[in-house]
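Participant: Encoded as structure tokens, here's the structure I'll be asking about.
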Amino acid sequence: MDLQKHAQQPDTAPRTAELRASDADRDRIADVLREALAEGRLTADEHAERVEGVLAAKTVGELDVFVRDLPIAHQRRAAPAAAPSRPTTGAIPMDPDDNVVAVFSAASRKGRWRTGRRIHAYAIFGSVDIDLSEALFDHQQVMIKSFAVFGSVDIRVPENVSLRGMGGGVLGSFEVDTLDAADDEAPVVYVDGWAVLGSVEARPRRGRLVADILDRVQRKVDRSMRRHRGH
């Protein structure tokens, strides 16, 4: 090998700033701008202008320009505490707030609905579909007790909640994707129960965010906007 020739070859690996920006990169910068608006560091017009630029940015370097003068962009955030593997003692009642039953049939809970603290799902030679991606969480801890006997229980949650599995399978499949929310106050969904010659599956629905967390951020922005209008 010609070492001298090899050493003279330019480094063609792109720098981080030159990498193409992903949707996740844009969402991260948009979150920083939203917090800056809520804190009064940006005016509404400045926020709108920067968000428009974020949506049009093609590279990571172009995105960084919009938060370069904001201190929050340079702060290291402490890692959120992991959700406990089991609910807090006394947080979940013994009796269910809702029963979803499918016997030789199909049953579902989806759309805009309020979750209780405890949901029982029974799929006996049938299928149960529980979708929490648009649900309203009135409690931080929610238990879904699932029983699938020659049937299936399919559970979907927003991607910004924590998800824990506690059950098992008997000649069946019990699969729960462990998920940790970035917000310590985010709801925690526990999935317990058994899959007997059936299946229980719980995983996040990507792109869906729990409304309560978003509403809390929006209320903070609204208060900031009203405060600035009063000056």
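By order in the structure tokens, chains are A, B, ...; within a chain, residues start at 1; ligands start at 1, following the order shown.
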Where does DSSP see strand (DSSP E or B) in stretch 39-167 of chain A, if you list the residues as a PyMOL selection string?
Facilitator: chain A and resi 59+98-103+106-109+114-115+118-124+127-131+136-137+141-149+152-158+162-165
Participant: Residues of stretch 120-229 of chain A classed as alpha helix (DSSP H) by DSSP on the backbone are to be reported as a list in words.
Facilitator: Ala211, Asp212, Ile213, Leu214, Asp215, Arg216, Val217, Gln218, Arg219, Lys220, Val221, Asp222, Arg223, Ser224, Met225, Arg226, Arg227, His228 and Arg229 of chain A
Participant: Choose the residue, out of A:His120, A:Arg28, A:Arg20, A:Arg50, that has the smallest atom-to-atom separation from A:Asn99; count only C-alpha atoms.
Facilitator: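 Checking each of A:His120, A:Arg28, A:Arg20, A:Arg50 against A:Asn99, counting only C-alpha atoms, the winner is A:His120.
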Participant: When distances are computed from only C-alpha atoms, which of A:Val196, A:Leu33, A:Val188, A:Leu63 shows the smallest separation from A:Asp45?
Facilitator: A:Leu33
Participant: One decimal, in Å: what's the spacing between atom CA of A:Ser162 and atom CA of A:Leu37?
Facilitator: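 According to the coordinates, atom CA of A:Ser162 and atom CA of A:Leu37 are separated by 27.1 Å.
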Participant: Please identify all polymer residues within 12 Å of A:Val60, counting only C-alpha atoms, omitting same-chain residues fewer than 5 positions from it, and present them as an MDAnalysis selection string.
Facilitator: chainID A and resid 14:29 54:55 65:67
Participant: Report, in Å to a single decimal, how far apart atom CA of A:Leu136 and atom CA of A:Pro87 are.
Facilitator: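 A separation of 19.2 Å between them.
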Participant: Please measure the separation of atom CA of A:Arg156 and atom CA of A:Arg203, giving the value in Å to one decimal.
Facilitator: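 That distance, rounded to one decimal, is 5.4 Å.
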Participant: Find the residues near A:Pro71: any atom within 10 Å, counting only C-alpha atoms, skip ones fewer than 5 places away on the same chain, and give them as a PyMOL selection string.
Facilitator: chain A and resi 32+36+41
Participant: Measuring atom to atom with only C-alpha atoms, identify which of A:Gly53, A:Gly168, A:Pro84, A:Gly198 is nearest to A:Asp184.
Facilitator: A:Pro84
Participant: If you count only C-alpha atoms, which residues fall within 7 Å of stretch 192-195 of chain A, apart from same-chain ones fewer than 6 positions away, as a CSV table (one decimal) with N, CA, C and O atoms, in the first residue's frame?
Facilitator:
```csv
chain,number,residue,atom,x,y,z
A,144,ILE,N,-53.4,-2.5,33.2
A,144,ILE,CA,-54.2,-3.3,32.3
A,144,ILE,C,-54.0,-4.8,32.6
A,144,ILE,O,-52.9,-5.3,32.2
A,145,LYS,N,-54.9,-5.4,33.2
A,145,LYS,CA,-54.8,-6.8,33.5
A,145,LYS,C,-55.4,-7.6,32.3
A,145,LYS,O,-56.6,-7.5,32.0
A,146,SER,N,-54.6,-8.4,31.6
A,146,SER,CA,-54.9,-9.0,30.4
A,146,SER,C,-54.9,-10.5,30.5
A,146,SER,O,-53.9,-11.1,31.0
A,147,PHE,N,-56.0,-11.1,30.0
A,147,PHE,CA,-56.1,-12.6,29.9
A,147,PHE,C,-56.5,-13.0,28.5
A,147,PHE,O,-57.5,-12.6,28.0
A,148,ALA,N,-55.6,-13.7,27.9
A,148,ALA,CA,-55.8,-14.2,26.5
A,148,ALA,C,-55.8,-15.7,26.5
A,148,ALA,O,-54.7,-16.3,26.7
A,149,VAL,N,-56.9,-16.3,26.2
A,149,VAL,CA,-57.0,-17.8,26.2
A,149,VAL,C,-57.5,-18.1,24.8
A,149,VAL,O,-58.6,-17.9,24.4
A,165,GLY,N,-44.1,-4.4,31.7
A,165,GLY,CA,-44.8,-5.7,31.6
A,165,GLY,C,-44.6,-6.5,32.9
A,165,GLY,O,-43.5,-6.5,33.4
A,166,MET,N,-45.6,-7.2,33.4
A,166,MET,CA,-45.5,-7.9,34.6
A,166,MET,C,-46.1,-9.4,34.5
A,166,MET,O,-46.1,-10.1,35.4
A,167,GLY,N,-46.6,-9.7,33.3
A,167,GLY,CA,-47.3,-11.0,33.1
A,167,GLY,C,-46.4,-12.1,32.5
A,167,GLY,O,-45.2,-12.0,32.5
A,168,GLY,N,-47.0,-13.1,32.0
A,168,GLY,CA,-46.3,-14.2,31.4
A,168,GLY,C,-47.2,-15.0,30.5
A,168,GLY,O,-48.4,-14.7,30.3
A,169,GLY,N,-46.6,-16.0,29.8
A,169,GLY,CA,-47.3,-16.8,28.8
A,169,GLY,C,-47.2,-18.3,29.2
A,169,GLY,O,-46.2,-18.7,29.7
A,170,VAL,N,-48.3,-19.0,28.9
A,170,VAL,CA,-48.3,-20.5,29.1
A,170,VAL,C,-48.7,-21.1,27.7
A,170,VAL,O,-49.8,-21.0,27.3
A,172,GLY,N,-48.0,-19.6,25.2
A,172,GLY,CA,-48.5,-18.5,24.5
A,172,GLY,C,-47.4,-17.4,24.5
A,172,GLY,O,-46.3,-17.6,25.0
A,173,SER,N,-47.8,-16.2,24.0
A,173,SER,CA,-46.8,-15.1,23.9
A,173,SER,C,-47.3,-13.9,24.7
A,173,SER,O,-48.4,-13.4,24.5
A,174,PHE,N,-46.4,-13.5,25.6
A,174,PHE,CA,-46.7,-12.3,26.4
A,174,PHE,C,-45.5,-11.3,26.2
A,174,PHE,O,-44.4,-11.5,26.8
```
Participant: Using only C-alpha atoms, which of the listed residues (A:Leu209, A:Arg109, A:Ser152, A:Ala83) sits closest to A:Asp180?
Facilitator: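 Under the stated criterion, the closest residue is A:Ala83.
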Participant: Using only C-alpha atoms, pick whichever of A:Val51, A:Val189, A:Ala102, A:Leu197 has the shortest atom-to-atom distance to A:Arg34.
Facilitator: A:Val51
